[in-house]
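Chemist: Input data.txt, format and content: compact mmCIF, C-alpha atoms.
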# COMPACT_ATOMS: atom_id res chain seq x y z
CA MET I 30 0.00 0.00 0.00
CA ASP I 31 1.05 3.60 -0.45
CA GLY I 32 1.39 5.84 2.57
CA SER I 33 -2.11 7.36 2.60
CA LEU I 34 -3.87 4.00 2.25
CA SER I 35 -1.88 2.66 5.21
CA TYR I 36 -1.56 5.57 7.59
CA LEU I 37 -5.20 6.70 7.41
CA PRO I 38 -6.70 3.40 8.64
CA ALA I 39 -3.87 3.08 11.17
CA ALA I 40 -4.74 6.54 12.50
CA ALA I 41 -8.46 5.65 12.55
CA MET I 42 -7.72 2.51 14.55
CA ALA I 43 -5.53 4.51 16.93
CA GLY I 44 -8.41 6.92 17.52
CA ALA I 45 -10.85 4.07 18.15
CA LEU I 46 -8.36 2.46 20.55
CA ALA I 47 -7.96 5.76 22.43
CA LEU I 48 -11.72 5.82 23.02
CA ARG I 49 -11.70 2.24 24.27
CA LEU I 50 -8.53 2.45 26.36
CA PRO I 51 -10.14 3.98 29.50
CA ALA I 52 -12.60 1.07 29.66
CA LEU I 53 -9.71 -1.40 29.29
CA LEU I 54 -7.72 0.23 32.08
CA ARG I 55 -10.80 0.43 34.28
CA ASP I 56 -11.75 -3.25 33.88
CA TRP I 57 -9.11 -5.14 31.94
CA ARG I 58 -10.62 -8.48 32.96
CA ASP I 59 -13.85 -7.77 31.08
CA PRO I 60 -14.01 -10.39 28.28
CA LEU I 61 -15.96 -7.98 26.06
CA VAL I 62 -13.40 -5.18 26.34
CA ARG I 63 -10.14 -7.06 25.77
CA PRO I 64 -11.03 -8.59 22.37
CA VAL I 65 -12.24 -5.21 21.05
CA CYS I 66 -9.03 -3.46 22.10
CA ALA I 67 -6.91 -6.34 20.75
CA LEU I 68 -8.80 -6.28 17.45
CA ILE I 69 -8.38 -2.52 17.00
CA ALA I 70 -4.70 -2.55 18.03
CA LEU I 71 -3.81 -5.49 15.77
CA SER I 72 -5.64 -3.96 12.79
CA GLY I 73 -3.83 -0.65 13.22
CA ALA I 74 -0.46 -2.40 13.55
CA ALA I 75 -1.13 -4.47 10.42
CA PHE I 76 -1.90 -1.39 8.33
CA LEU I 77 1.11 0.41 9.79
CA CYS I 78 3.37 -2.48 8.77
CA SER I 79 1.93 -2.28 5.25
CA ALA I 80 3.11 1.31 4.77
CA PRO I 81 6.19 1.49 2.49
CA THR I 82 8.34 3.33 5.01
CA ALA I 83 7.47 0.96 7.87
CA ALA I 84 7.82 -2.08 5.59
CA ALA I 85 11.30 -1.01 4.52
CA ALA I 86 12.27 -0.45 8.16
CA VAL I 87 11.07 -3.93 9.19
CA ASP I 88 12.89 -5.56 6.28
CA ARG I 89 16.06 -3.65 7.16
CA LEU I 90 15.89 -4.55 10.85
CA THR I 91 15.24 -8.25 10.18
CA GLY I 92 17.62 -8.46 7.24
CA THR I 93 14.96 -10.44 5.32
CA ALA I 94 13.17 -9.27 2.17
CA ASN I 95 9.35 -9.17 2.54
CA ALA I 96 9.48 -9.89 6.28
CA SER I 97 7.12 -6.92 6.73
CA ALA I 98 4.55 -8.55 4.45
CA VAL I 99 4.63 -11.74 6.51
CA LEU I 100 4.36 -9.72 9.73
CA ALA I 101 1.32 -7.86 8.36
CA SER I 102 -0.21 -11.18 7.32
CA CYS I 103 0.27 -12.61 10.81
CA LEU I 104 -1.21 -9.51 12.42
CA LEU I 105 -4.26 -9.62 10.14
CA ASN I 106 -4.88 -13.26 10.99
CA ALA I 107 -4.53 -12.42 14.67
CA CYS I 108 -7.23 -9.78 14.01
CA GLY I 109 -9.43 -12.52 12.63
CA ALA I 110 -8.98 -14.48 15.85
CA ALA I 111 -9.81 -11.40 17.95
CA CYS I 112 -12.96 -10.82 15.84
CA LEU I 113 -14.24 -14.32 16.40
CA VAL I 114 -13.38 -14.31 20.12
CA LEU I 115 -15.27 -11.04 20.48
CA LEU I 116 -18.33 -12.36 18.70
CA ALA I 117 -18.24 -15.58 20.73
CA HIS I 118 -18.51 -13.49 23.90
CA TRP I 119 -21.23 -11.32 22.37
CA ARG I 120 -23.22 -14.42 21.55
CA GLY I 121 -22.92 -15.50 25.16
CA GLY I 122 -22.78 -18.86 26.91
CA THR I 123 -21.40 -20.43 30.03
CA PRO I 124 -17.93 -19.29 31.15
CA ARG I 125 -16.56 -22.78 30.53
CA ALA I 126 -17.95 -22.90 26.99
CA LEU I 127 -16.59 -19.44 26.24
CA ARG I 128 -13.13 -20.39 27.49
CA ARG I 129 -13.20 -23.52 25.35
CA THR I 130 -14.28 -21.56 22.27
CA THR I 131 -11.64 -18.90 22.87
CA ARG I 132 -8.94 -21.55 23.27
CA ARG I 133 -9.94 -23.24 20.02
CA LEU I 134 -9.98 -19.99 18.08
CA VAL I 135 -6.61 -18.90 19.41
CA LEU I 136 -5.05 -22.30 18.71
CA GLY I 137 -6.60 -22.46 15.23
CA HIS I 138 -5.40 -19.03 14.16
CA GLY I 139 -2.10 -19.66 15.91
CA ALA I 140 -1.68 -22.70 13.68
CA VAL I 141 -2.48 -20.57 10.62
CA ILE I 142 0.09 -17.96 11.64
CA THR I 143 2.68 -20.67 12.26
CA GLY I 144 1.93 -22.17 8.85
CA ILE I 145 2.37 -18.78 7.15
CA VAL I 146 5.76 -18.25 8.80
CA VAL I 147 6.96 -21.80 8.04
CA LEU I 148 5.87 -21.63 4.41
CA PHE I 149 7.57 -18.26 4.00
CA LEU I 150 10.82 -19.64 5.41
CA LEU I 151 10.61 -22.69 3.13
CA GLY I 152 10.01 -20.55 0.07
CA ASP I 153 12.31 -18.14 -1.71
CA ALA I 154 11.24 -14.49 -1.95
CA PRO I 155 14.37 -12.44 -2.68
CA ALA I 156 12.63 -9.63 -4.60
CA GLU I 157 10.78 -7.12 -2.46
CA GLY I 158 7.21 -6.54 -3.59
CA PRO I 159 5.32 -4.57 -0.94
CA ARG I 160 2.41 -3.84 -3.29
CA ASP I 161 2.23 -6.97 -5.44
CA LEU I 162 3.67 -9.80 -3.37
CA ASP I 163 0.54 -11.93 -3.85
CA THR I 164 0.67 -11.89 -7.63
CA TYR I 165 4.48 -11.76 -7.92
CA TYR I 166 4.90 -15.00 -6.00
CA ALA I 167 1.53 -16.56 -6.92
CA THR I 168 3.21 -19.53 -8.61
CA ALA I 169 6.33 -19.84 -6.43
CA PRO I 170 6.65 -23.11 -4.45
CA TYR I 171 5.56 -22.79 -0.79
CA LEU I 172 4.83 -19.11 -1.24
CA ARG I 173 1.68 -19.81 -3.23
CA GLU I 174 0.48 -22.06 -0.42
CA MET I 175 1.30 -19.31 2.08
CA ILE I 176 -0.72 -16.80 0.08
CA VAL I 177 -3.72 -19.14 -0.23
CA LEU I 178 -3.62 -19.98 3.48
CA HIS I 179 -3.52 -16.29 4.36
CA LEU I 180 -6.42 -15.32 2.07
CA VAL I 181 -8.64 -18.26 3.04
CA ALA I 182 -8.12 -17.75 6.78
CA LEU I 183 -8.90 -14.05 6.49
CA ALA I 184 -11.97 -14.66 4.33
CA VAL I 185 -13.37 -17.17 6.84
CA ALA I 186 -12.89 -14.70 9.71
CA VAL I 187 -14.44 -11.80 7.78
CA VAL I 188 -17.46 -13.83 6.63
CA ALA I 189 -18.02 -15.03 10.20
CA MET I 190 -17.75 -11.43 11.44
CA ILE I 191 -20.33 -10.21 8.92
CA HIS I 192 -22.75 -13.05 9.68
CA LEU I 193 -22.56 -12.76 13.46
CA CYS I 194 -22.70 -8.95 13.48
CA ARG I 195 -25.85 -9.04 11.36
CA ARG I 196 -27.47 -11.53 13.72
CA TRP I 197 -26.47 -9.50 16.78
CA ALA I 198 -27.69 -6.24 15.23
CA ARG I 199 -31.22 -7.67 14.98
CA ARG I 200 -31.35 -8.16 18.77
CA VAL I 201 -30.13 -4.76 19.95
CA ARG I 202 -31.11 -1.13 19.48
CA GLY I 203 -29.62 2.32 19.57
CA TRP I 204 -25.96 3.12 19.15
CA LEU I 205 -24.84 -0.52 19.49
CA ARG I 206 -27.02 -1.53 16.57
CA ALA I 207 -25.73 1.40 14.51
CA GLY I 208 -22.13 0.45 15.36
CA LEU I 209 -22.67 -3.18 14.38
CA THR I 210 -24.25 -2.13 11.08
CA VAL I 211 -21.28 0.10 10.29
CA VAL I 212 -18.89 -2.74 11.18
CA VAL I 213 -20.74 -5.00 8.73
CA VAL I 214 -20.38 -2.39 5.96
CA GLY I 215 -16.66 -2.06 6.70
CA HIS I 216 -16.11 -5.81 6.63
CA VAL I 217 -17.99 -6.14 3.35
CA CYS I 218 -15.38 -3.76 1.89
CA VAL I 219 -12.61 -5.90 3.40
CA LEU I 220 -14.20 -9.03 1.93
CA ALA I 221 -14.32 -7.33 -1.48
CA SER I 222 -10.60 -6.55 -1.18
CA LEU I 223 -9.87 -10.22 -0.41
CA ALA I 224 -11.96 -11.27 -3.41
CA ALA I 225 -9.97 -8.89 -5.63
CA ARG I 226 -6.66 -10.28 -4.36
CA SER I 227 -7.86 -13.86 -4.80
CA ALA I 228 -9.00 -13.16 -8.37
CA ALA I 229 -5.61 -11.67 -9.23
CA VAL I 230 -3.78 -14.68 -7.75
CA ALA I 231 -6.06 -17.15 -9.60
CA ALA I 232 -5.49 -15.26 -12.86
CA ARG I 233 -1.73 -15.73 -12.42
CA TRP I 234 -2.24 -19.47 -12.03
CA TYR I 235 -3.98 -19.66 -15.41
CA GLY I 236 -1.61 -17.33 -17.23
CA GLY I 237 -3.76 -14.20 -16.97
CA ASP I 238 -2.90 -10.77 -15.66
CA LEU I 239 -5.29 -9.10 -13.23
CA ASP I 240 -2.54 -7.63 -11.09
CA ALA I 241 -4.31 -4.27 -10.95
CA LEU I 242 -6.99 -5.86 -8.77
CA SER I 243 -4.38 -6.82 -6.17
CA SER I 244 -2.09 -3.79 -6.37
CA CYS I 245 -4.69 -1.01 -6.91
CA ALA I 246 -8.28 -2.01 -6.12
CA ALA I 247 -7.66 -4.28 -3.11
CA PRO I 248 -5.62 -1.76 -1.05
CA VAL I 249 -8.26 0.94 -1.53
CA LEU I 250 -11.07 -1.40 -0.49
CA ALA I 251 -9.11 -2.66 2.51
CA SER I 252 -8.27 0.88 3.62
CA VAL I 253 -11.87 2.06 3.33
CA GLY I 254 -13.13 -1.07 5.09
CA ALA I 255 -10.73 -0.60 7.98
CA GLN I 256 -11.66 3.05 8.48
CA VAL I 257 -15.39 2.30 8.32
CA SER I 258 -14.95 -0.58 10.79
CA ALA I 259 -13.04 1.71 13.16
CA VAL I 260 -15.99 4.09 13.12
CA GLY I 261 -18.31 1.18 13.86
CA PHE I 262 -16.25 0.03 16.84
CA ALA I 263 -16.09 3.59 18.22
CA LEU I 264 -19.73 4.48 17.59
CA PRO I 265 -21.37 2.70 20.58
CA LEU I 266 -19.03 4.57 22.93
CA ALA I 267 -18.64 7.93 21.20
CA GLY I 268 -22.23 8.17 19.90
CA PRO I 269 -23.95 8.74 23.26
CA ARG I 270 -21.31 11.30 24.23
CA LEU I 271 -21.79 13.21 20.99
CA ALA I 272 -25.57 13.06 21.35
CA ASP I 273 -25.42 14.32 24.95
CA GLY I 274 -23.06 17.12 23.97
CA TRP I 275 -25.29 18.12 21.06
CA ALA I 276 -28.38 18.10 23.30
CA ALA I 277 -26.59 20.25 25.90
CA ARG I 278 -25.42 22.77 23.30
CA SER I 279 -28.90 22.90 21.80
CA ALA I 280 -30.46 23.47 25.23
CA TYR I 281 -27.91 26.20 25.99
CA HIS I 282 -28.78 28.14 22.83
CA ARG I 283 -32.54 27.63 23.20
CA LEU I 284 -32.39 29.01 26.73
CA GLY I 285 -30.88 32.20 25.31
CA PRO I 286 -34.10 34.24 24.89
CA LEU I 287 -35.24 33.59 28.48
CA TRP I 288 -31.75 34.24 29.86
CA ARG I 289 -31.45 37.55 28.00
CA GLU I 290 -34.95 38.55 29.13
CA LEU I 291 -34.15 37.94 32.81
CA ARG I 292 -30.52 39.06 32.86
CA PRO I 293 -31.30 42.73 33.68
CA VAL I 294 -33.10 41.71 36.89
CA SER I 295 -30.60 39.08 38.07
CA ALA I 296 -29.24 40.10 41.46
CA HIS I 297 -25.81 38.62 40.71
CA ARG I 298 -25.42 39.56 37.06
CA ASP I 299 -22.32 41.66 37.76
CA ARG I 300 -20.69 38.87 39.76
CA ALA I 301 -21.64 35.98 37.50
CA VAL I 302 -18.89 33.51 36.67
CA ARG I 303 -17.72 33.89 33.08
CA MET I 304 -18.02 30.73 31.01
CA SER I 305 -15.28 30.20 28.40
CA TRP I 306 -16.04 28.71 24.99
CA TRP I 307 -14.16 25.54 25.95
CA THR I 308 -16.25 25.00 29.09
CA PRO I 309 -18.23 21.72 28.79
CA ALA I 310 -21.69 22.28 27.34
CA GLY I 311 -23.40 20.60 30.29
CA LEU I 312 -21.75 22.97 32.76
CA ARG I 313 -22.70 25.97 30.63
CA VAL I 314 -26.33 24.83 30.64
CA VAL I 315 -26.32 24.47 34.44
CA HIS I 316 -24.78 27.95 34.77
CA ARG I 317 -27.38 29.49 32.45
CA GLU I 318 -30.24 27.74 34.29
CA ALA I 319 -28.90 29.10 37.61
CA GLN I 320 -28.89 32.63 36.21
CA ILE I 321 -32.44 32.18 34.93
CA HIS I 322 -33.65 30.96 38.32
CA ASP I 323 -31.90 33.92 39.92
CA GLY I 324 -33.87 36.25 37.66
CA MET I 325 -37.10 34.38 38.40
CA LEU I 326 -36.49 34.83 42.12
CA ALA I 327 -36.17 38.58 41.63
CA LEU I 328 -39.51 38.64 39.76
CA TYR I 329 -41.53 36.48 42.18
CA PRO I 330 -43.23 39.41 43.94
CA TYR I 331 -44.44 40.70 40.56
CA PHE I 332 -45.87 37.45 39.20
CA ASP I 333 -49.59 37.73 38.50
CA ALA I 334 -51.59 34.50 38.46
CA GLY I 335 -54.36 36.28 36.60
CA VAL I 336 -52.07 37.12 33.67
CA ARG I 337 -50.89 33.50 33.61
CA ALA I 338 -54.42 32.07 33.63
CA ALA I 339 -55.60 34.41 30.87
CA ALA I 340 -52.56 33.61 28.71
CA ARG I 341 -53.03 29.87 29.20
CA ALA I 342 -56.68 30.10 28.18
CA ALA I 343 -55.73 32.11 25.09
CA ALA I 344 -53.03 29.58 24.14
CA LEU I 345 -55.42 26.65 24.52
CA ALA I 346 -58.03 28.47 22.46
CA ALA I 347 -55.40 29.00 19.74
CA GLY I 348 -54.81 25.24 19.55
CA SER I 349 -51.70 24.78 21.70
CA GLY I 350 -51.26 21.53 23.61
CA ALA I 351 -51.25 21.40 27.39
CA ASP I 352 -47.47 21.60 27.84
CA ARG I 353 -47.04 24.31 25.25
CA ALA I 354 -49.96 26.32 26.66
CA ARG I 355 -48.42 26.12 30.12
CA ALA I 356 -45.07 27.35 28.77
CA GLU I 357 -46.75 30.22 26.92
CA ALA I 358 -48.64 31.18 30.09
CA ASP I 359 -45.42 31.17 32.14
CA ALA I 360 -43.64 33.23 29.47
CA ALA I 361 -46.50 35.75 29.39
CA MET I 362 -46.39 36.03 33.18
CA VAL I 363 -42.61 36.65 33.04
CA VAL I 364 -43.08 39.40 30.42
CA ALA I 365 -45.83 41.06 32.49
CA ALA I 366 -43.73 40.80 35.65
CA LEU I 367 -40.77 42.44 33.93
CA ARG I 368 -42.98 45.33 32.82
CA ALA I 369 -44.44 45.57 36.33
CA ARG I 370 -40.99 45.71 37.85
CA THR I 371 -39.98 48.42 35.39
CA ALA I 372 -43.06 50.43 36.45
CA ASP I 373 -42.07 50.03 40.12
CA PRO I 374 -38.37 51.03 40.16
CA GLU I 375 -38.43 51.76 43.92
CA GLY I 376 -39.53 48.23 44.75
CA ARG I 377 -42.69 49.21 46.63
CA VAL I 378 -44.56 46.15 45.41
CA ALA I 379 -41.71 43.83 46.31
CA GLY I 380 -41.32 45.45 49.70
CA SER I 381 -45.03 45.18 50.47
CA ALA I 382 -45.28 41.47 49.63
CA GLU I 383 -46.20 39.32 52.63
CA ALA I 384 -43.75 36.53 53.48
CA ALA I 385 -46.64 34.10 53.42
CA ASP I 386 -47.53 35.00 49.85
CA ALA I 387 -46.75 32.02 47.60
CA PRO I 388 -45.90 32.91 44.00
CA PRO I 389 -47.62 30.90 41.29
CA GLY I 390 -45.86 27.74 40.13
CA LEU I 391 -43.32 28.10 37.35
CA ALA I 392 -41.08 25.62 35.47
CA ASP I 393 -40.62 22.24 37.08
CA GLY I 394 -37.36 21.50 35.27
CA PRO I 395 -34.87 22.35 32.51
CA ARG I 396 -37.24 21.16 29.79
CA ASP I 397 -39.90 23.61 30.99
CA LEU I 398 -37.36 26.43 30.96
CA VAL I 399 -36.57 25.62 27.33
CA ARG I 400 -40.28 25.66 26.46
CA ILE I 401 -40.71 29.04 28.18
CA SER I 402 -37.69 30.40 26.33
CA LEU I 403 -39.03 29.24 22.97
CA ALA I 404 -42.48 30.71 23.81
CA LEU I 405 -40.88 34.10 24.50
CA ARG I 406 -39.61 34.18 20.93
CA ARG I 407 -42.39 32.42 19.02
CA SER I 408 -45.73 32.62 20.83
CA PRO I 409 -48.32 35.14 19.56
CA VAL I 410 -49.96 35.04 23.00
CA VAL I 411 -46.72 36.25 24.61
CA ALA I 412 -46.30 38.85 21.88
CA ALA I 413 -49.80 40.16 22.64
CA VAL I 414 -49.05 40.44 26.37
CA ARG I 415 -45.76 42.14 25.58
CA GLY I 416 -47.58 44.64 23.38
CA ARG I 417 -50.22 45.41 26.01
CA SER I 418 -47.57 45.79 28.71
CA ALA I 419 -45.56 48.15 26.52
CA ALA I 420 -48.65 50.23 25.79
CA ARG I 421 -49.62 50.40 29.47
CA PRO I 422 -46.46 50.25 31.58
CA GLY I 423 -48.48 49.94 34.79
CA SER I 424 -50.40 46.86 33.71
CA GLY I 425 -49.61 43.56 35.27
CA VAL I 426 -48.63 45.01 38.69
CA PRO I 427 -50.27 42.98 41.42
CA GLU I 428 -52.45 45.05 43.69
CA ARG I 429 -50.81 44.85 47.11
CA ALA I 430 -51.41 47.32 49.92
CA PRO I 431 -48.23 48.81 51.37
CA ARG I 432 -47.41 48.02 54.97
Please lay out the structure from this file as structure tokens.

Modeler:
Amino acid sequence: MDGSLSYLPAAAMAGALALRLPALLRDWRDPLVRPVCALIALSGAAFLCSAPTAAAAVDRLTGTANASAVLASCLLNACGAACLVLLAHWRGGTPRALRRTTRRLVLGHGAVITGIVVLFLLGDAPAEGPRDLDTYYATAPYLREMIVLHLVALAVAVVAMIHLCRRWARRVRGWLRAGLTVVVVGHVCVLASLAARSAAVAARWYGGDLDALSSCAAPVLASVGAQVSAVGFALPLAGPRLADGWAARSAYHRLGPLWRELRPVSAHRDRAVRMSWWTPAGLRVVHREAQIHDGMLALYPYFDAGVRAAARAAALAAGSGADRARAEADAAMVVAALRARTADPEGRVAGSAEAADAPPGLADGPRDLVRISLALRRSPVVAAVRGRSAARPGSGVPERAPR
């Protein structure tokens, strides 16, 4: 392979391994974690060994031509063993049966790897062919057997991976199902690359020349398949994190209208902690909610249950659902309270409020705050209350007798 076709999947596997590494360090005995990490690490190492620069370095260090190709072949077959061990644990069973299956898979692929090394040592491969070793030595004694053994063992592992991932994907939901589906797509690409290499080798046996399939098409398909598979392995872990981050950022921006509306009345607006752009989205949402509740607290003496009830009735009459009508009513009450507070700059209404007075209920949680914020910007009922309050600055002030 050329550099880009080798280093890109190696980098993708390294990224997937970085996401899985904390789980491995946290519980390295977990039989579902170890095979995944082994599979990703072995795949990345195999593609790294296939890069021309790394291949030349391996050949130079070992003093043997094409030693890097044999090393990559052994690593890929070890990946096949890791795939099947992983799927055996996914399928489940008694601990004893799983240990027996794992032992058989490791021994079977260990025998394949041993056979590849022995056949390579028995053969003669003096000319280096990092891109076309399969077709160059397709008819050489021992080496042709090595090539066939390598391709067949990999094909069996890939087909088993596709079959078992499809069966498992039917039983699960969510991000795990999406990850398994992506893994299947990636392994179909890998299977296509093996088919291309096999066709090129078979053509050599019968005097044909389909070397382009092995040297051009197969590396591209293998590279794409590895990168897609890396995404599939990372998706069940990274997907929920990305979804949570997206939801937090969305909530932060949707709370903006309510936050800006209440910011002038927040008692601690001048001492509020500044949130940097790199602050986690969840923390920024909590900070914005705290500022909103601070503003609500300042408005409590001005809340008018009558304004809220009238706005809710108007929203229901306009066809809003119960939750949306409640949010529109709360938003209308906030707007009226802000106008009332503006009309009472000396705080006479707030100062005359009895301690036993209970303000009307408002917003039971973050989702309600988001609904209120959206109603401030979109609701015609809130717009009508805002217009009336602007026309009559004194409207909306609760009638409370001074002490």

Chemist: Give the answer as one residue: which of I:Ala85, I:Leu223, I:Val294, I:Cys66 has the shortest atom-to-atom distance to I:Val114, using all atoms listed in the file?

Modeler: I:Cys66

Chemist: Counting all atoms listed in the file, write as an mmCIF file with C-alpha atoms, in the frame of the given file all protein and nucleic acid residues lying at most 9 Å from (-18.2, -12.7, 14.8) in the file's frame.

Modeler:
data_model
loop_
_atom_site.group_PDB
_atom_site.id
_atom_site.type_symbol
_atom_site.label_atom_id
_atom_site.label_comp_id
_atom_site.auth_asym_id
_atom_site.auth_seq_id
_atom_site.Cartn_x
_atom_site.Cartn_y
_atom_site.Cartn_z
ATOM 1 C CA CYS I 112 -12.960 -10.820 15.840
ATOM 2 C CA LEU I 113 -14.240 -14.320 16.400
ATOM 3 C CA VAL I 114 -13.380 -14.310 20.120
ATOM 4 C CA LEU I 115 -15.270 -11.040 20.480
ATOM 5 C CA LEU I 116 -18.330 -12.360 18.700
ATOM 6 C CA ALA I 117 -18.240 -15.580 20.730
ATOM 7 C CA TRP I 119 -21.230 -11.320 22.370
ATOM 8 C CA ARG I 120 -23.220 -14.420 21.550
ATOM 9 C CA ALA I 186 -12.890 -14.700 9.710
ATOM 10 C CA VAL I 187 -14.440 -11.800 7.780
ATOM 11 C CA VAL I 188 -17.460 -13.830 6.630
ATOM 12 C CA ALA I 189 -18.020 -15.030 10.200
ATOM 13 C CA MET I 190 -17.750 -11.430 11.440
ATOM 14 C CA ILE I 191 -20.330 -10.210 8.920
ATOM 15 C CA HIS I 192 -22.750 -13.050 9.680
ATOM 16 C CA LEU I 193 -22.560 -12.760 13.460
ATOM 17 C CA CYS I 194 -22.700 -8.950 13.480
#

Chemist: Write out as a ChimeraX atom specification the residues lying within 12 Å of I:Gly73, counting all atoms listed in the file and excluding same-chain residues fewer than 5 positions away.

Modeler: /I:34-47,66-68,78-80,101,104-105,107-108,252,255-256,258-259

Chemist: Could you check which residues have any atom within 12 Å of (-3.1, -8.9, -7.3), counting all atoms listed in the file with coordinates taken straight from the file, and then list them as a JSON list (two decimals) with C-alpha atoms, in the frame of the given file?

Modeler:
[["chain", "number", "residue", "atom", "x", "y", "z"],
["I", 30, "MET", "CA", 0.00, 0.00, 0.00],
["I", 158, "GLY", "CA", 7.21, -6.54, -3.59],
["I", 159, "PRO", "CA", 5.32, -4.57, -0.94],
["I", 160, "ARG", "CA", 2.41, -3.84, -3.29],
["I", 161, "ASP", "CA", 2.23, -6.97, -5.44],
["I", 162, "LEU", "CA", 3.67, -9.80, -3.37],
["I", 163, "ASP", "CA", 0.54, -11.93, -3.85],
["I", 164, "THR", "CA", 0.67, -11.89, -7.63],
["I", 165, "TYR", "CA", 4.48, -11.76, -7.92],
["I", 166, "TYR", "CA", 4.90, -15.00, -6.00],
["I", 167, "ALA", "CA", 1.53, -16.56, -6.92],
["I", 176, "ILE", "CA", -0.72, -16.80, 0.08],
["I", 180, "LEU", "CA", -6.42, -15.32, 2.07],
["I", 222, "SER", "CA", -10.60, -6.55, -1.18],
["I", 223, "LEU", "CA", -9.87, -10.22, -0.41],
["I", 224, "ALA", "CA", -11.96, -11.27, -3.41],
["I", 225, "ALA", "CA", -9.97, -8.89, -5.63],
["I", 226, "ARG", "CA", -6.66, -10.28, -4.36],
["I", 227, "SER", "CA", -7.86, -13.86, -4.80],
["I", 228, "ALA", "CA", -9.00, -13.16, -8.37],
["I", 229, "ALA", "CA", -5.61, -11.67, -9.23],
["I", 230, "VAL", "CA", -3.78, -14.68, -7.75],
["I", 231, "ALA", "CA", -6.06, -17.15, -9.60],
["I", 232, "ALA", "CA", -5.49, -15.26, -12.86],
["I", 233, "ARG", "CA", -1.73, -15.73, -12.42],
["I", 234, "TRP", "CA", -2.24, -19.47, -12.03],
["I", 237, "GLY", "CA", -3.76, -14.20, -16.97],
["I", 238, "ASP", "CA", -2.90, -10.77, -15.66],
["I", 239, "LEU", "CA", -5.29, -9.10, -13.23],
["I", 240, "ASP", "CA", -2.54, -7.63, -11.09],
["I", 241, "ALA", "CA", -4.31, -4.27, -10.95],
["I", 242, "LEU", "CA", -6.99, -5.86, -8.77],
["I", 243, "SER", "CA", -4.38, -6.82, -6.17],
["I", 244, "SER", "CA", -2.09, -3.79, -6.37],
["I", 245, "CYS", "CA", -4.69, -1.01, -6.91],
["I", 246, "ALA", "CA", -8.28, -2.01, -6.12],
["I", 247, "ALA", "CA", -7.66, -4.28, -3.11],
["I", 248, "PRO", "CA", -5.62, -1.76, -1.05]]

Chemist: Go ahead and compute the interatomic distance for atom CA of I:Val414 and atom CA of I:Ala339, in Å to one decimal.

Modeler: 10.0 Å

Chemist: List the neighbours of I:Arg341 out to 9 Å using all atoms listed in the file; skip same-chain residues closer than 4 positions along the sequence, and give me the result as a list in words.

Modeler: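 With the cut-off at 9 Å, the set is Val336, Arg337, Leu345, Ala346, Ala351, Ala354, Arg355, Ala356, Glu357, Ala358, Asp359, Ala361 and Val410 of chain I.
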
Chemist: Using only C-alpha atoms, which of the listed residues (I:Ile321, I:Val314, I:Ala365, I:Ala156) sits closest to I:Ala334?

Modeler: I:Ala365

Chemist: Hey, which of I:Ala267, I:Leu77, I:Ala342, I:Ile142 ends up closest to I:Val99? Count only C-alpha atoms.

Modeler: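 Nearest to I:Val99: I:Ile142.
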
Chemist: Pick from I:Leu50, I:Ala98, I:Ala319, I:Cys218: nearest to I:Ala83, with all atoms listed in the file counted?

Modeler: I:Ala98

Chemist: In Å, with one decimal, what is the gap from atom CA of I:Pro51 to atom CA of I:Leu266?

Modeler: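 So the answer is 11.1 Å.
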
Chemist: Write out as a compact mmCIF listing (two decimals) with C-alpha atoms, in the coordinates of the input which residues come within 10 Å of I:Arg199 when counting all atoms listed in the file, dropping same-chain ones fewer than 4 positions away.

Modeler:
# COMPACT_ATOMS: atom_id res chain seq x y z
CA CYS I 194 -22.70 -8.95 13.48
CA ARG I 195 -25.85 -9.04 11.36
CA ARG I 206 -27.02 -1.53 16.57
CA LEU I 209 -22.67 -3.18 14.38
CA THR I 210 -24.25 -2.13 11.08

Chemist: For a quick check of understanding, using all atoms listed in the file, which of I:Pro265, I:Arg132, I:Ser97, I:Val315 has the smallest distance to I:Pro81?

Modeler: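 The closest residue to I:Pro81 is I:Ser97.
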